[in-house]
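Notes for the one structure printed next.
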Amino acid sequence: MDERPTLLLSIDFEDWHQLVRRRVGAANWEQPGPGLARQTDALLVLLDELKVKATFFILGMTARSHPDLVQAVAEKGHEVGCHGDAHLPVYAQTREEFAADLRAARGTIEQLTGMKPLGYRAPAFSIAEWAYQVLADEGFAYDASQLLRGRGAPTASLHEFPVAVWRSPLRTIPVGGASYWAVLPRRLVVHGLTRAGPLAGLYLHPQELDPQPLRAAVEGASAIQRAHAAFRTAQRNSARRRAPSTLRAIAKRFRLIPYGEAYASLSSGARPQPVQR
Ligand SMILES: [Zn+2]
């Protein structure tokens, strides 16, 4: 019997190069980035080494740029979740725009993997209170978009799995996020996770597992765009150096499972289902 406490493991599956190029206004932003294939390889190898399955919240536009990688993830038996389509803040959208974004992403994910995602994670945790009802209406069973409280509560038919947060006497720290692992001592991350409560969530991004340093290629960009991209790159490279060893340390102390498995255990066996064609 595994006595370790359980945490939920997730990857926000997106193409860092696409997103950073769009953020700095580069003209070539939509081209598939050069890093996601090696990042995905490294990630799948690490998860195999740790003998864990994770939930991949897949971004629709990334899936269309890298269909083979999404299929490789699904074929490994990892859970397929939904990270929306265009990676725009939920709170800045209308209900109709949000529903359309969900449908676009889900259509792509279902077509590539044959699986209907049960769970949703908002881009950059930008969930809005009204969005929970839209998620429930669109057939999602759980949400994993709460980083810190204060975004309202899901509807009765939608389960919420928040990110692991450590409420220390001094401050509240989202210890579940690999971007925070770059700035916290590892033992503090592990300690914080023991205080985060049952079924708290961890999240990583593929670029945090990149075996090579990240470089944002922003051809034709202005000096200010290049400076902005260089700043994002330095931030991400610092997270990248720490993520694999921190995840190994966490996996020694905790049982790591996909969100869908936790949802199934709470809801008498509902699991992600193949799409009915
Ligand atoms: Zn994201």
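Within each chain, counting starts at residue 1; across the structure tokens, chains are named A, B, ... in the order shown, with ligands numbered 1 upward in that order.
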
Could you give me, as a ChimeraX atom specification, the residues within 8 Å of segment 52-58 of chain A, counting only C-alpha atoms and dropping anything in the same chain fewer than 6 positions from it?
-> /A:8-14,70,73,77-84,109,119-121,256-260

Same residues, C-alpha atoms, saved as a compact mmCIF listing (two decimals), in the first residue's frame:
# COMPACT_ATOMS: atom_id res chain seq x y z
CA LEU A 8 -2.12 15.80 -9.19
CA LEU A 9 0.40 16.26 -12.00
CA SER A 10 -0.28 18.41 -15.04
CA ILE A 11 1.48 19.89 -18.04
CA ASP A 12 0.20 22.99 -19.82
CA PHE A 13 1.04 21.72 -23.27
CA GLU A 14 1.89 24.73 -25.41
CA VAL A 70 -0.11 15.43 -29.22
CA VAL A 73 1.41 12.08 -25.57
CA GLY A 77 -1.47 6.83 -21.90
CA HIS A 78 -1.36 10.32 -20.42
CA GLU A 79 -4.68 12.06 -19.84
CA VAL A 80 -5.69 14.59 -22.46
CA GLY A 81 -7.21 17.80 -21.06
CA CYS A 82 -8.03 21.16 -22.64
CA HIS A 83 -6.03 24.41 -22.29
CA GLY A 84 -8.35 26.34 -24.66
CA ILE A 109 -7.90 17.46 -29.51
CA GLY A 119 -10.89 18.81 -17.69
CA TYR A 120 -9.96 22.40 -18.44
CA ARG A 121 -7.15 24.73 -17.40
CA LEU A 256 1.59 11.64 -8.52
CA ILE A 257 -1.57 10.91 -10.53
CA PRO A 258 -3.46 12.56 -13.39
CA TYR A 259 -6.44 14.77 -12.58
CA GLY A 260 -8.84 12.43 -14.34

Shell of 12 Å around Arg22 of chain A, only C-alpha atoms, local chain residues under 2 positions omitted, as an MDAnalysis selection string | chainID A and resid 15:20 24:33 86:88 216:218 221 225 228:229

Using DSSP on the backbone, list every residue of segment 75-235 of chain A that comes out as strand (DSSP E), and give them as a ChimeraX atom specification.
-> /A:79-82,119-120,142-143,159-160,166-167,172-173,200-204

Resulting file, chosen residues, all heavy atoms, as a short mmCIF file (atom, residue, chain, number, x, y, z; two decimals), in the first residue's frame:
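In the end it all went to result39.cif:
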data_model
loop_
_atom_site.label_atom_id
_atom_site.label_comp_id
_atom_site.auth_asym_id
_atom_site.auth_seq_id
_atom_site.Cartn_x
_atom_site.Cartn_y
_atom_site.Cartn_z
N GLU A 79 -3.34 11.50 -19.68
CA GLU A 79 -4.68 12.06 -19.84
C GLU A 79 -4.61 13.31 -20.72
O GLU A 79 -3.69 14.12 -20.58
CB GLU A 79 -5.27 12.44 -18.47
CG GLU A 79 -6.68 13.00 -18.60
CD GLU A 79 -7.20 13.63 -17.32
OE1 GLU A 79 -6.47 13.65 -16.30
OE2 GLU A 79 -8.34 14.12 -17.36
N VAL A 80 -5.61 13.45 -21.57
CA VAL A 80 -5.69 14.59 -22.46
C VAL A 80 -6.75 15.55 -21.91
O VAL A 80 -7.92 15.22 -21.83
CB VAL A 80 -6.07 14.11 -23.88
CG1 VAL A 80 -6.41 15.28 -24.76
CG2 VAL A 80 -4.93 13.31 -24.47
N GLY A 81 -6.30 16.75 -21.50
CA GLY A 81 -7.21 17.80 -21.06
C GLY A 81 -7.16 18.97 -22.02
O GLY A 81 -6.46 18.92 -23.04
N CYS A 82 -7.88 20.03 -21.71
CA CYS A 82 -8.03 21.16 -22.64
C CYS A 82 -7.49 22.44 -22.01
O CYS A 82 -7.84 22.79 -20.89
CB CYS A 82 -9.51 21.31 -22.98
SG CYS A 82 -9.86 22.69 -24.07
N GLY A 119 -11.36 17.73 -18.56
CA GLY A 119 -10.89 18.81 -17.69
C GLY A 119 -10.37 19.99 -18.46
O GLY A 119 -9.95 19.87 -19.62
N TYR A 120 -10.38 21.14 -17.82
CA TYR A 120 -9.96 22.40 -18.44
C TYR A 120 -9.03 23.16 -17.52
O TYR A 120 -9.24 23.19 -16.30
CB TYR A 120 -11.19 23.27 -18.73
CG TYR A 120 -10.85 24.64 -19.25
CD1 TYR A 120 -10.41 24.82 -20.56
CD2 TYR A 120 -10.97 25.77 -18.44
CE1 TYR A 120 -10.09 26.09 -21.04
CE2 TYR A 120 -10.64 27.03 -18.91
CZ TYR A 120 -10.20 27.18 -20.22
OH TYR A 120 -9.88 28.43 -20.67
N TYR A 142 -14.43 18.78 -14.88
CA TYR A 142 -13.65 19.45 -13.83
C TYR A 142 -12.86 20.61 -14.41
O TYR A 142 -12.60 20.67 -15.61
CB TYR A 142 -12.73 18.45 -13.10
CG TYR A 142 -11.55 17.95 -13.88
CD1 TYR A 142 -10.37 18.69 -13.94
CD2 TYR A 142 -11.59 16.73 -14.54
CE1 TYR A 142 -9.28 18.23 -14.65
CE2 TYR A 142 -10.51 16.26 -15.26
CZ TYR A 142 -9.35 17.01 -15.31
OH TYR A 142 -8.27 16.57 -16.02
N ASP A 143 -12.51 21.52 -13.50
CA ASP A 143 -11.69 22.67 -13.85
C ASP A 143 -10.44 22.64 -12.97
O ASP A 143 -10.50 22.19 -11.82
CB ASP A 143 -12.47 23.97 -13.60
CG ASP A 143 -11.60 25.20 -13.81
OD1 ASP A 143 -11.33 25.53 -14.97
OD2 ASP A 143 -11.17 25.80 -12.81
N HIS A 159 -16.26 20.05 -10.96
CA HIS A 159 -15.38 19.90 -9.82
C HIS A 159 -14.15 20.79 -10.00
O HIS A 159 -13.64 20.90 -11.10
CB HIS A 159 -14.96 18.44 -9.66
CG HIS A 159 -14.27 18.19 -8.37
ND1 HIS A 159 -14.97 17.92 -7.21
CD2 HIS A 159 -12.97 18.23 -8.03
CE1 HIS A 159 -14.11 17.80 -6.22
NE2 HIS A 159 -12.88 17.99 -6.68
N GLU A 160 -13.68 21.41 -8.92
CA GLU A 160 -12.49 22.25 -9.00
C GLU A 160 -11.31 21.57 -8.33
O GLU A 160 -11.42 21.14 -7.17
CB GLU A 160 -12.74 23.61 -8.34
CG GLU A 160 -11.54 24.54 -8.32
CD GLU A 160 -11.12 25.03 -9.71
OE1 GLU A 160 -12.00 25.14 -10.59
OE2 GLU A 160 -9.92 25.27 -9.91
N TRP A 166 0.78 26.92 -0.69
CA TRP A 166 1.24 26.83 0.70
C TRP A 166 0.96 28.16 1.39
O TRP A 166 1.52 29.17 1.00
CB TRP A 166 2.73 26.49 0.73
CG TRP A 166 3.35 26.50 2.08
CD1 TRP A 166 2.75 26.22 3.27
CD2 TRP A 166 4.72 26.81 2.38
NE1 TRP A 166 3.65 26.32 4.29
CE2 TRP A 166 4.86 26.69 3.79
CE3 TRP A 166 5.82 27.17 1.60
CZ2 TRP A 166 6.07 26.93 4.42
CZ3 TRP A 166 7.01 27.39 2.23
CH2 TRP A 166 7.15 27.27 3.64
N ARG A 167 0.04 28.11 2.35
CA ARG A 167 -0.28 29.33 3.10
C ARG A 167 0.62 29.39 4.32
O ARG A 167 0.24 28.94 5.40
CB ARG A 167 -1.76 29.32 3.49
CG ARG A 167 -2.65 29.55 2.30
CD ARG A 167 -4.12 29.27 2.53
NE ARG A 167 -4.71 28.73 1.31
CZ ARG A 167 -4.98 29.46 0.24
NH1 ARG A 167 -4.77 30.74 0.23
NH2 ARG A 167 -5.46 28.89 -0.85
N THR A 172 1.47 33.60 0.99
CA THR A 172 0.87 32.48 0.27
C THR A 172 1.69 32.22 -0.99
O THR A 172 1.89 33.13 -1.79
CB THR A 172 -0.58 32.83 -0.08
OG1 THR A 172 -1.27 33.06 1.14
CG2 THR A 172 -1.26 31.71 -0.84
N ILE A 173 2.16 30.98 -1.14
CA ILE A 173 3.07 30.67 -2.25
C ILE A 173 2.49 29.51 -3.07
O ILE A 173 2.23 28.44 -2.52
CB ILE A 173 4.46 30.25 -1.72
CG1 ILE A 173 5.00 31.34 -0.78
CG2 ILE A 173 5.43 30.01 -2.87
CD1 ILE A 173 6.24 30.93 -0.03
N ALA A 200 -3.88 18.36 -4.23
CA ALA A 200 -3.47 19.65 -4.77
C ALA A 200 -2.73 19.42 -6.08
O ALA A 200 -2.19 18.35 -6.33
CB ALA A 200 -2.58 20.37 -3.76
N GLY A 201 -2.71 20.45 -6.94
CA GLY A 201 -2.19 20.29 -8.29
C GLY A 201 -0.80 20.85 -8.50
O GLY A 201 -0.43 21.87 -7.93
N LEU A 202 -0.03 20.14 -9.35
CA LEU A 202 1.28 20.62 -9.82
C LEU A 202 1.14 20.97 -11.30
O LEU A 202 0.42 20.29 -12.02
CB LEU A 202 2.34 19.52 -9.71
CG LEU A 202 2.55 18.85 -8.36
CD1 LEU A 202 3.57 17.72 -8.52
CD2 LEU A 202 3.03 19.85 -7.33
N TYR A 203 1.83 22.01 -11.74
CA TYR A 203 1.82 22.28 -13.17
C TYR A 203 3.21 22.64 -13.69
O TYR A 203 3.96 23.35 -13.04
CB TYR A 203 0.81 23.36 -13.55
CG TYR A 203 1.17 24.76 -13.09
CD1 TYR A 203 1.87 25.63 -13.92
CD2 TYR A 203 0.79 25.21 -11.84
CE1 TYR A 203 2.20 26.91 -13.50
CE2 TYR A 203 1.13 26.48 -11.41
CZ TYR A 203 1.83 27.32 -12.25
OH TYR A 203 2.16 28.58 -11.83
N LEU A 204 3.52 22.08 -14.86
CA LEU A 204 4.76 22.37 -15.56
C LEU A 204 4.42 22.75 -16.99
O LEU A 204 3.30 22.52 -17.46
CB LEU A 204 5.66 21.14 -15.63
CG LEU A 204 6.19 20.54 -14.35
CD1 LEU A 204 5.28 19.44 -13.87
CD2 LEU A 204 7.58 19.99 -14.57
#

Determine which residues of segment 63-250 of chain A DSSP labels as helix (DSSP H, G or I) from the backbone of this structure, then write them out as a ChimeraX atom specification.
-> /A:63-65,67-75,90-92,95-113,123-125,131-137,178-181,186-194,206-209,223-250

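Between atom CA of Arg232 of chain A and atom CA of Arg23 of chain A the interatomic distance comes to 9.9 Å.
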
Check the smallest atom-to-atom distance from each of A:Ile127, A:Leu148, A:Ala122, A:Leu50 to ligand 1 using only C-alpha atoms and all ligand atoms, then report the winner.
->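 Going through A:Ile127, A:Leu148, A:Ala122, A:Leu50 one by one, the smallest distance to ligand 1 is for A:Ala122.
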
Proximity to ligand 1 - best of A:Ser157, A:Gln39, A:Gln207, A:Thr94, only C-alpha atoms and all ligand atoms =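 Nearest candidate to ligand 1 out of A:Ser157, A:Gln39, A:Gln207, A:Thr94: A:Gln207.
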
What does the distance between atom CA of Leu69 of chain A and atom CA of Glu49 of chain A come to in Å, to one decimal place?
->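 One can read the atom CA of Leu69 of chain A to atom CA of Glu49 of chain A distance as 18.9 Å.
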
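Here atom CA of Thr155 of chain A and atom CA of Arg103 of chain A stand 19.6 Å from one another.
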
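For Met61 of chain A, the list of residues within 8 Å, based on only C-alpha atoms and with local chain neighbours fewer than 3 positions off taken out, reads Arg64, Ser65, Asp85, Ala86 and Ala105 of chain A.
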